file coords25.txt (compact mmCIF, C-alpha atoms and all ligand atoms)
# COMPACT_ATOMS: atom_id res chain seq x y z
CA MET A 241 -19.10 9.03 23.53
CA SER A 242 -19.87 6.33 26.05
CA PHE A 243 -21.01 2.86 25.10
CA ILE A 244 -24.45 3.41 26.64
CA THR A 245 -25.04 6.69 24.86
CA ARG A 246 -23.98 5.13 21.60
CA GLY A 247 -26.29 2.22 22.24
CA PHE A 248 -29.27 4.51 22.69
CA SER A 249 -28.40 6.65 19.70
CA GLY A 250 -29.37 3.78 17.42
CA ARG A 251 -26.22 4.01 15.33
CA SER A 252 -24.76 0.64 14.62
CA ARG A 253 -21.10 1.51 14.92
CA GLU A 254 -18.90 4.54 15.42
CA ARG A 255 -16.46 5.04 12.60
CA ASP A 256 -12.90 5.17 13.93
CA ASP A 257 -11.65 8.69 13.21
CA ARG A 258 -8.16 7.32 12.59
CA LEU A 259 -9.51 5.63 9.49
CA PRO A 260 -9.22 7.63 6.24
CA PRO A 261 -12.17 7.66 3.83
CA GLY A 262 -12.78 4.42 1.93
CA GLN A 263 -10.61 2.32 4.26
CA THR A 264 -11.44 -0.79 6.29
CA LEU A 265 -9.56 -2.08 9.35
CA VAL A 266 -7.68 -5.35 9.08
CA GLY A 267 -5.88 -7.37 11.69
CA ASP A 268 -3.40 -9.07 9.42
CA PHE A 269 -0.91 -7.57 7.02
CA PRO A 270 -1.69 -8.34 3.37
CA VAL A 271 1.33 -8.70 1.11
CA LEU A 272 1.50 -6.89 -2.22
CA SER A 273 4.17 -7.91 -4.65
CA ALA A 274 4.90 -6.82 -8.18
CA GLY A 275 7.62 -9.39 -8.59
CA PRO A 276 9.71 -12.08 -6.98
CA THR A 277 10.91 -11.42 -3.43
CA PRO A 278 14.57 -10.39 -3.53
CA GLU A 279 16.75 -12.16 -0.99
CA VAL A 280 19.12 -9.47 0.22
CA ASP A 281 21.72 -10.41 2.81
CA THR A 282 22.47 -7.65 5.31
CA ALA A 283 26.17 -8.30 4.60
CA GLU A 284 25.59 -7.05 1.05
CA TRP A 285 22.88 -4.51 1.77
CA GLU A 286 23.63 -0.89 1.06
CA PHE A 287 21.54 2.27 1.03
CA THR A 288 22.57 5.24 -1.09
CA ILE A 289 21.27 8.80 -1.50
CA ARG A 290 22.36 10.27 -4.83
CA THR A 291 22.17 14.00 -5.50
CA GLU A 292 22.24 16.21 -8.60
CA SER A 293 25.98 16.85 -8.15
CA GLY A 294 26.70 13.15 -8.45
CA ALA A 295 27.51 12.92 -4.75
CA GLN A 296 26.64 9.59 -3.18
CA HIS A 297 25.93 9.12 0.51
CA SER A 298 26.02 5.43 1.34
CA TRP A 299 25.48 3.31 4.43
CA ASN A 300 26.08 -0.38 4.84
CA TRP A 301 24.11 -2.40 7.39
CA ASP A 302 26.52 -1.84 10.29
CA GLN A 303 26.68 1.87 9.57
CA LEU A 304 22.88 2.07 9.53
CA MET A 305 22.67 0.25 12.87
CA ALA A 306 25.15 2.72 14.37
CA LEU A 307 22.79 5.63 13.70
CA PRO A 308 20.08 6.75 16.15
CA ILE A 309 17.28 4.18 15.96
CA GLU A 310 13.70 5.21 16.62
CA ASP A 311 10.64 3.29 17.76
CA VAL A 312 7.69 4.20 15.60
CA THR A 313 4.05 3.39 16.30
CA THR A 314 1.86 4.38 13.40
CA ASP A 315 -1.24 3.63 11.38
CA ILE A 316 -0.71 2.36 7.84
CA HIS A 317 -3.11 2.66 4.92
CA CYS A 318 -3.01 0.61 1.74
CA VAL A 319 -4.59 1.88 -1.47
CA THR A 320 -6.40 -1.48 -1.71
CA HIS A 321 -8.68 -0.19 1.09
CA TRP A 322 -7.18 -1.82 4.16
CA SER A 323 -5.73 0.03 7.12
CA LYS A 324 -3.93 -1.28 10.15
CA LEU A 325 -3.75 0.86 13.29
CA GLY A 326 -0.94 1.17 15.79
CA THR A 327 1.69 -0.88 13.97
CA GLY A 328 5.11 -0.99 15.62
CA TRP A 329 8.35 -0.42 13.74
CA ARG A 330 11.99 0.39 14.40
CA GLY A 331 14.12 2.32 11.99
CA VAL A 332 16.35 5.27 11.23
CA ALA A 333 14.67 8.58 10.42
CA LEU A 334 15.33 9.98 6.96
CA ASP A 335 16.13 13.26 8.76
CA THR A 336 19.22 11.53 10.12
CA LEU A 337 20.26 10.22 6.70
CA PHE A 338 19.74 13.61 5.04
CA GLU A 339 21.76 15.55 7.65
CA ASP A 340 24.83 15.89 5.42
CA VAL A 341 23.06 15.73 2.06
CA ASP A 342 23.27 18.94 0.05
CA THR A 343 20.52 19.17 -2.59
CA ASP A 344 18.33 21.81 -4.18
CA TYR A 345 15.98 19.23 -5.68
CA ALA A 346 12.57 18.83 -4.08
CA PHE A 347 11.68 15.30 -5.23
CA THR A 348 13.05 11.82 -4.79
CA MET A 349 12.78 8.48 -6.54
CA ALA A 350 13.05 5.52 -4.20
CA HIS A 351 14.77 2.52 -5.79
CA SER A 352 14.49 -1.02 -4.50
CA TYR A 353 16.34 -4.28 -4.89
CA GLY A 354 14.32 -6.08 -7.57
CA GLY A 355 13.75 -2.91 -9.58
CA TYR A 356 10.67 -1.36 -7.94
CA THR A 357 10.53 2.43 -7.87
CA THR A 358 8.24 4.99 -6.27
CA ASN A 359 8.44 8.79 -6.26
CA VAL A 360 8.16 10.75 -3.00
CA PRO A 361 8.53 14.52 -2.50
CA LEU A 362 11.48 15.27 -0.20
CA GLU A 363 9.24 17.16 2.23
CA ASP A 364 7.25 13.95 2.79
CA LEU A 365 10.44 12.22 3.93
CA LEU A 366 11.64 14.83 6.42
CA ASP A 367 10.47 16.28 9.77
CA GLY A 368 9.92 12.91 11.42
CA LYS A 369 7.59 11.59 8.73
CA ALA A 370 9.66 8.75 7.22
CA TRP A 371 12.14 6.05 8.17
CA ILE A 372 14.28 3.25 6.83
CA ALA A 373 12.58 0.51 8.84
CA PHE A 374 14.11 -2.87 9.60
CA GLU A 375 11.89 -4.23 12.39
CA PHE A 376 8.17 -4.85 12.47
CA ASP A 377 6.36 -5.94 15.65
CA GLY A 378 9.67 -6.49 17.40
CA GLU A 379 11.01 -8.86 14.76
CA PRO A 380 13.44 -8.34 11.90
CA LEU A 381 11.46 -7.44 8.78
CA ASP A 382 10.62 -10.55 6.74
CA PRO A 383 11.79 -10.53 3.12
CA GLU A 384 8.16 -10.72 2.00
CA HIS A 385 7.39 -7.58 4.00
CA GLY A 386 10.35 -5.77 2.51
CA GLY A 387 13.25 -6.93 4.64
CA PRO A 388 15.99 -6.43 5.37
CA ALA A 389 14.85 -2.80 5.18
CA ARG A 390 12.01 -0.86 3.65
CA LEU A 391 11.03 2.74 3.36
CA LEU A 392 8.28 3.67 5.83
CA VAL A 393 6.22 6.74 4.89
CA PRO A 394 3.05 6.00 6.82
CA HIS A 395 1.20 9.27 6.10
CA LEU A 396 1.02 8.27 2.41
CA TYR A 397 -0.59 5.14 0.92
CA PHE A 398 1.58 2.13 1.63
CA TRP A 399 2.81 1.58 -1.94
CA LYS A 400 5.07 4.59 -1.23
CA SER A 401 6.75 2.63 1.58
CA ALA A 402 9.04 0.84 -0.86
CA LYS A 403 10.01 -2.66 0.18
CA TRP A 404 13.67 -3.77 -0.18
CA VAL A 405 14.73 -0.15 -0.50
CA ARG A 406 18.31 0.42 -1.65
CA GLY A 407 18.42 4.12 -2.34
CA LEU A 408 16.96 7.52 -3.06
CA GLU A 409 17.75 9.54 -6.13
CA MET A 410 17.15 13.29 -5.95
CA MET A 411 14.97 14.57 -8.80
CA GLU A 412 14.29 18.08 -10.05
CA ASP A 413 10.75 17.16 -11.12
CA ASP A 414 8.18 14.83 -9.64
CA GLU A 415 8.46 11.92 -12.05
CA PRO A 416 6.27 8.84 -11.66
CA GLY A 417 7.57 5.56 -10.23
CA PHE A 418 6.36 2.04 -10.99
CA TRP A 419 2.69 2.19 -9.96
CA GLU A 420 2.45 5.93 -10.57
CA GLN A 421 3.17 5.32 -14.27
CA ASN A 422 0.25 2.92 -14.37
CA GLY A 423 -2.66 4.84 -12.93
CA TYR A 424 -1.72 5.50 -9.32
CA HIS A 425 -1.56 9.01 -7.91
CA LEU A 426 1.75 10.91 -7.89
CA ARG A 427 1.51 11.69 -4.16
CA GLY A 428 -1.01 9.31 -2.56
CA ASP A 429 -2.40 11.07 0.51
CA PRO A 430 -4.99 8.68 2.05
CA TRP A 431 -6.86 11.53 3.81
CA LYS A 432 -7.50 13.12 0.40
CA GLU A 433 -8.11 9.71 -1.22
CA GLU A 434 -5.37 10.37 -3.74
CA ARG A 435 -5.57 6.84 -5.16
CA TYR A 436 -5.39 7.34 -8.92
CA TRP A 437 -4.51 9.98 -11.54
CA MET B 156 3.63 14.23 -47.64
CA THR B 157 0.15 13.15 -46.66
CA GLY B 158 -1.66 14.45 -43.61
CA HIS B 159 -2.89 12.42 -40.68
CA VAL B 160 -6.32 11.56 -39.34
CA ASP B 161 -7.36 11.51 -35.70
CA GLY B 162 -7.35 8.57 -33.31
CA ASN B 163 -10.89 7.52 -34.16
CA ALA B 164 -9.37 5.87 -37.20
CA ILE B 165 -7.79 3.12 -35.06
CA ALA B 166 -11.05 2.13 -33.38
CA GLY B 167 -11.79 -0.56 -35.97
CA PRO B 168 -8.28 -2.03 -36.28
CA LEU B 169 -7.77 -2.08 -32.49
CA ALA B 170 -11.15 -3.68 -31.83
CA ASP B 171 -10.15 -6.40 -34.32
CA PHE B 172 -6.78 -6.79 -32.68
CA PHE B 173 -8.02 -7.08 -29.11
CA SER B 174 -10.78 -9.50 -30.01
CA PHE B 175 -8.14 -12.24 -30.08
CA ASP B 176 -7.34 -14.32 -27.05
CA ILE B 177 -4.31 -12.40 -25.89
CA THR B 178 -2.80 -15.46 -24.18
CA THR B 179 -2.25 -17.10 -27.57
CA ALA B 180 -0.40 -14.02 -28.77
CA THR B 181 3.37 -13.74 -28.72
CA GLY B 182 5.37 -10.75 -27.60
CA ARG B 183 8.98 -9.65 -27.95
CA CYS B 184 10.66 -8.66 -24.69
CA ARG B 185 12.09 -5.16 -24.91
CA ALA B 186 14.92 -6.05 -22.53
CA CYS B 187 16.24 -9.42 -23.78
CA GLY B 188 14.58 -9.84 -27.17
CA THR B 189 12.99 -13.18 -26.40
CA VAL B 190 9.87 -13.81 -28.43
CA ALA B 191 7.47 -15.91 -26.38
CA GLU B 192 3.80 -16.62 -25.92
CA LEU B 193 2.32 -14.32 -23.31
CA ALA B 194 0.83 -17.43 -21.68
CA ARG B 195 4.38 -18.43 -20.74
CA ALA B 196 5.08 -15.18 -18.92
CA MET B 197 5.32 -14.98 -15.12
CA VAL B 198 2.34 -13.15 -13.65
CA TYR B 199 2.36 -11.52 -10.20
CA VAL B 200 -1.08 -10.65 -8.92
CA SER B 201 -1.11 -8.05 -6.17
CA GLY B 202 -3.91 -5.93 -4.82
CA ALA B 203 -2.53 -2.87 -6.57
CA GLY B 204 -2.31 -4.48 -9.99
CA THR B 205 -1.09 -7.36 -12.11
CA VAL B 206 2.50 -7.47 -13.29
CA VAL B 207 3.56 -9.64 -16.24
CA ARG B 208 7.25 -10.51 -16.39
CA CYS B 209 9.46 -12.12 -19.03
CA ALA B 210 10.17 -15.76 -18.11
CA THR B 211 13.67 -15.41 -19.55
CA CYS B 212 14.96 -12.20 -17.96
CA ASP B 213 12.35 -11.04 -15.41
CA ASN B 214 11.75 -7.75 -17.25
CA VAL B 215 8.31 -6.24 -16.69
CA LEU B 216 6.44 -6.87 -19.95
CA ALA B 217 3.09 -5.45 -18.95
CA VAL B 218 1.21 -3.93 -16.04
CA LEU B 219 -2.53 -4.02 -15.60
CA VAL B 220 -4.39 -1.91 -13.07
CA ASP B 221 -8.14 -2.37 -12.77
CA THR B 222 -10.26 -0.52 -10.24
CA GLY B 223 -13.57 -1.69 -11.64
CA GLU B 224 -14.55 1.72 -12.96
CA ARG B 225 -11.15 2.49 -14.46
CA ALA B 226 -8.43 0.35 -15.93
CA TRP B 227 -4.91 0.93 -17.20
CA ILE B 228 -2.75 -1.29 -19.34
CA ASP B 229 0.96 -0.76 -19.97
CA PHE B 230 2.70 -2.92 -22.55
CA GLY B 231 5.89 -0.86 -22.32
CA GLY B 232 8.08 -3.92 -21.82
CA VAL B 233 7.21 -5.53 -25.15
CA THR B 234 8.33 -4.14 -28.48
CA ALA B 235 5.54 -5.83 -30.42
CA ILE B 236 2.72 -8.28 -29.97
CA GLU B 237 1.78 -10.75 -32.67
CA VAL B 238 -1.69 -12.23 -32.94
CA ARG B 239 -2.46 -14.97 -35.45
CA ARG B 240 -5.70 -15.21 -37.33
ZN ZN C 501 13.20 -10.73 -21.39

call {"tool": "encode", "arguments": {"input": "coords25.txt", "output": "structure tokens"}}
result
Amino acid sequence: MSFITRGFSGRSRERDDRLPPGQTLVGDFPVLSAGPTPEVDTAEWEFTIRTESGAQHSWNWDQLMALPIEDVTTDIHCVTHWSKLGTGWRGVALDTLFEDVDTDYAFTMAHSYGGYTTNVPLEDLLDGKAWIAFEFDGEPLDPEHGGPARLLVPHLYFWKSAKWVRGLEMMEDDEPGFWEQNGYHLRGDPWKEERYW
Amino acid sequence: MTGHVDGNAIAGPLADFFSFDITTATGRCRACGTVAELARAMVYVSGAGTVVRCATCDNVLAVLVDTGERAWIDFGGVTAIEVRR
């Protein structure tokens, strides 16, 4: 719809159709923290996927950097009603990390340095929908934004994009993580407004 | 053995309990056993909720989520809370 047509229609403002229900656009990037910010040196950083057989697939920082790195431009939506459009990230797709992982379990628990957890179904992590991200806006991820690396699952509310991520544990059942135990929705799809139980 | 009654029976006792100023209460940390006033705990306020942590060991003592219409409170990190009359 052109500007002039919109002007004559008498409507004050077109709602951006990239904005899920109940969300408002912000320019900045509010920080949510449930605890102190862990200071994790990339020299000590490690990311591990643990399966039901006890198998552990681990990557240190150099090994992560040696994997195919993707540029991701995506909208992000926080359950506290803010959204930010077209944010720029770099990271490694979870598809890449799961290539050699053999599991029959359909759910994961993301674990972070500092103790935070959040549950994510495996299908929400695969098919180009999730990354281990280590750059935001062309800069290394700040510790307060989850650096050195965070989970990025932008099609779900942003509490699922666990900051300071250190691993994924395969789960048979969809068990609740930190916020999910305390009122937040098990899955958290912003387009369905899955905010709370 | 005696039978039980339903949860309505705790309405009175709990209303009495929660009428105290909770910050003057003490709690025992489930992780490290420290007994401390809740007012001494470390509180992290985020948009998603409020997280109360033990000042001794960082364990999460309590989580509060309040949406206005709905609210949740989790005291899973304390074994007991003492209020004084
Ligand atoms: Zn403690």

call {"tool": "closest_residue", "arguments": {"input": "coords25.txt", "among": "B:Asn214, B:Thr222, B:Ser201, B:Ser174", "to": "chain A", "atoms": "all atoms listed in the file"}}
result
B:Ser201

call {"tool": "residues_near_point", "arguments": {"input": "coords25.txt", "point": "(9.3, -8.9, -28.7)", "cutoff": "12 Å", "atoms": "all atoms listed in the file", "output": "MDAnalysis selection string"}}
result
chainID B and resid 180:193 209 214 216 230:237

call {"tool": "closest_residue", "arguments": {"input": "coords25.txt", "among": "A:Phe374, A:Ala306, A:Asp413, A:Gly275", "to": "chain B", "atoms": "only C-alpha atoms"}}
result
A:Gly275

call {"tool": "atom_distance", "arguments": {"input": "coords25.txt", "atom1": "atom CA of Tyr424 of chain A", "atom2": "atom CA of Asp377 of chain A"}}
result
28.6 Å

call {"tool": "atom_distance", "arguments": {"input": "coords25.txt", "atom1": "atom CA of Asp315 of chain A", "atom2": "atom CA of Lys400 of chain A"}}
result
14.1 Å

call {"tool": "atom_distance", "arguments": {"input": "coords25.txt", "atom1": "atom CA of Glu384 of chain A", "atom2": "atom CA of His321 of chain A"}}
result
19.9 Å

call {"tool": "closest_residue", "arguments": {"input": "coords25.txt", "among": "A:Gln303, A:Thr288, A:Ser273, A:Ser352", "to": "chain B", "atoms": "only C-alpha atoms"}}
result
A:Ser273

call {"tool": "decode", "arguments": {"input": "coords25.txt", "residues": "segment 163-179 of chain B", "atoms": "N, CA and C atoms", "output": "PDB file, in the first residue's frame"}}
result
ATOM      1  N   ASN B 163      -8.544 -26.572  51.066  1.00  0.00           N
ATOM      2  CA  ASN B 163      -9.197 -25.390  51.657  1.00  0.00           C
ATOM      3  C   ASN B 163      -8.777 -25.193  53.108  1.00  0.00           C
ATOM      4  N   ALA B 164      -8.348 -26.293  53.726  1.00  0.00           N
ATOM      5  CA  ALA B 164      -7.998 -26.227  55.146  1.00  0.00           C
ATOM      6  C   ALA B 164      -6.740 -25.396  55.400  1.00  0.00           C
ATOM      7  N   ILE B 165      -5.921 -25.147  54.356  1.00  0.00           N
ATOM      8  CA  ILE B 165      -4.713 -24.350  54.596  1.00  0.00           C
ATOM      9  C   ILE B 165      -4.929 -22.868  54.305  1.00  0.00           C
ATOM     10  N   ALA B 166      -6.133 -22.517  53.869  1.00  0.00           N
ATOM     11  CA  ALA B 166      -6.387 -21.108  53.525  1.00  0.00           C
ATOM     12  C   ALA B 166      -6.084 -20.202  54.712  1.00  0.00           C
ATOM     13  N   GLY B 167      -6.594 -20.554  55.872  1.00  0.00           N
ATOM     14  CA  GLY B 167      -6.383 -19.712  57.064  1.00  0.00           C
ATOM     15  C   GLY B 167      -4.920 -19.647  57.468  1.00  0.00           C
ATOM     16  N   PRO B 168      -4.287 -20.816  57.702  1.00  0.00           N
ATOM     17  CA  PRO B 168      -2.874 -20.801  58.093  1.00  0.00           C
ATOM     18  C   PRO B 168      -1.963 -20.079  57.091  1.00  0.00           C
ATOM     19  N   LEU B 169      -2.210 -20.280  55.788  1.00  0.00           N
ATOM     20  CA  LEU B 169      -1.342 -19.630  54.797  1.00  0.00           C
ATOM     21  C   LEU B 169      -1.579 -18.124  54.751  1.00  0.00           C
ATOM     22  N   ALA B 170      -2.829 -17.707  54.899  1.00  0.00           N
ATOM     23  CA  ALA B 170      -3.105 -16.266  54.912  1.00  0.00           C
ATOM     24  C   ALA B 170      -2.375 -15.621  56.094  1.00  0.00           C
ATOM     25  N   ASP B 171      -2.379 -16.315  57.245  1.00  0.00           N
ATOM     26  CA  ASP B 171      -1.635 -15.815  58.409  1.00  0.00           C
ATOM     27  C   ASP B 171      -0.157 -15.725  58.075  1.00  0.00           C
ATOM     28  N   PHE B 172       0.355 -16.789  57.500  1.00  0.00           N
ATOM     29  CA  PHE B 172       1.782 -16.874  57.214  1.00  0.00           C
ATOM     30  C   PHE B 172       2.223 -15.747  56.283  1.00  0.00           C
ATOM     31  N   PHE B 173       1.505 -15.567  55.188  1.00  0.00           N
ATOM     32  CA  PHE B 173       1.944 -14.602  54.184  1.00  0.00           C
ATOM     33  C   PHE B 173       1.594 -13.163  54.528  1.00  0.00           C
ATOM     34  N   SER B 174       0.942 -12.965  55.677  1.00  0.00           N
ATOM     35  CA  SER B 174       0.654 -11.594  56.073  1.00  0.00           C
ATOM     36  C   SER B 174       1.885 -10.942  56.711  1.00  0.00           C
ATOM     37  N   PHE B 175       2.924 -11.737  56.953  1.00  0.00           N
ATOM     38  CA  PHE B 175       4.160 -11.173  57.485  1.00  0.00           C
ATOM     39  C   PHE B 175       4.965 -10.526  56.381  1.00  0.00           C
ATOM     40  N   ASP B 176       5.792  -9.568  56.768  1.00  0.00           N
ATOM     41  CA  ASP B 176       6.729  -8.984  55.817  1.00  0.00           C
ATOM     42  C   ASP B 176       7.781 -10.046  55.519  1.00  0.00           C
ATOM     43  N   ILE B 177       7.745 -10.543  54.294  1.00  0.00           N
ATOM     44  CA  ILE B 177       8.575 -11.689  53.942  1.00  0.00           C
ATOM     45  C   ILE B 177      10.067 -11.351  54.022  1.00  0.00           C
ATOM     46  N   THR B 178      10.404 -10.051  53.900  1.00  0.00           N
ATOM     47  CA  THR B 178      11.831  -9.710  53.917  1.00  0.00           C
ATOM     48  C   THR B 178      12.441  -9.858  55.309  1.00  0.00           C
ATOM     49  N   THR B 179      11.598  -9.912  56.335  1.00  0.00           N
ATOM     50  CA  THR B 179      12.131 -10.119  57.688  1.00  0.00           C
ATOM     51  C   THR B 179      12.224 -11.611  58.009  1.00  0.00           C
TER      52      THR B 179
END
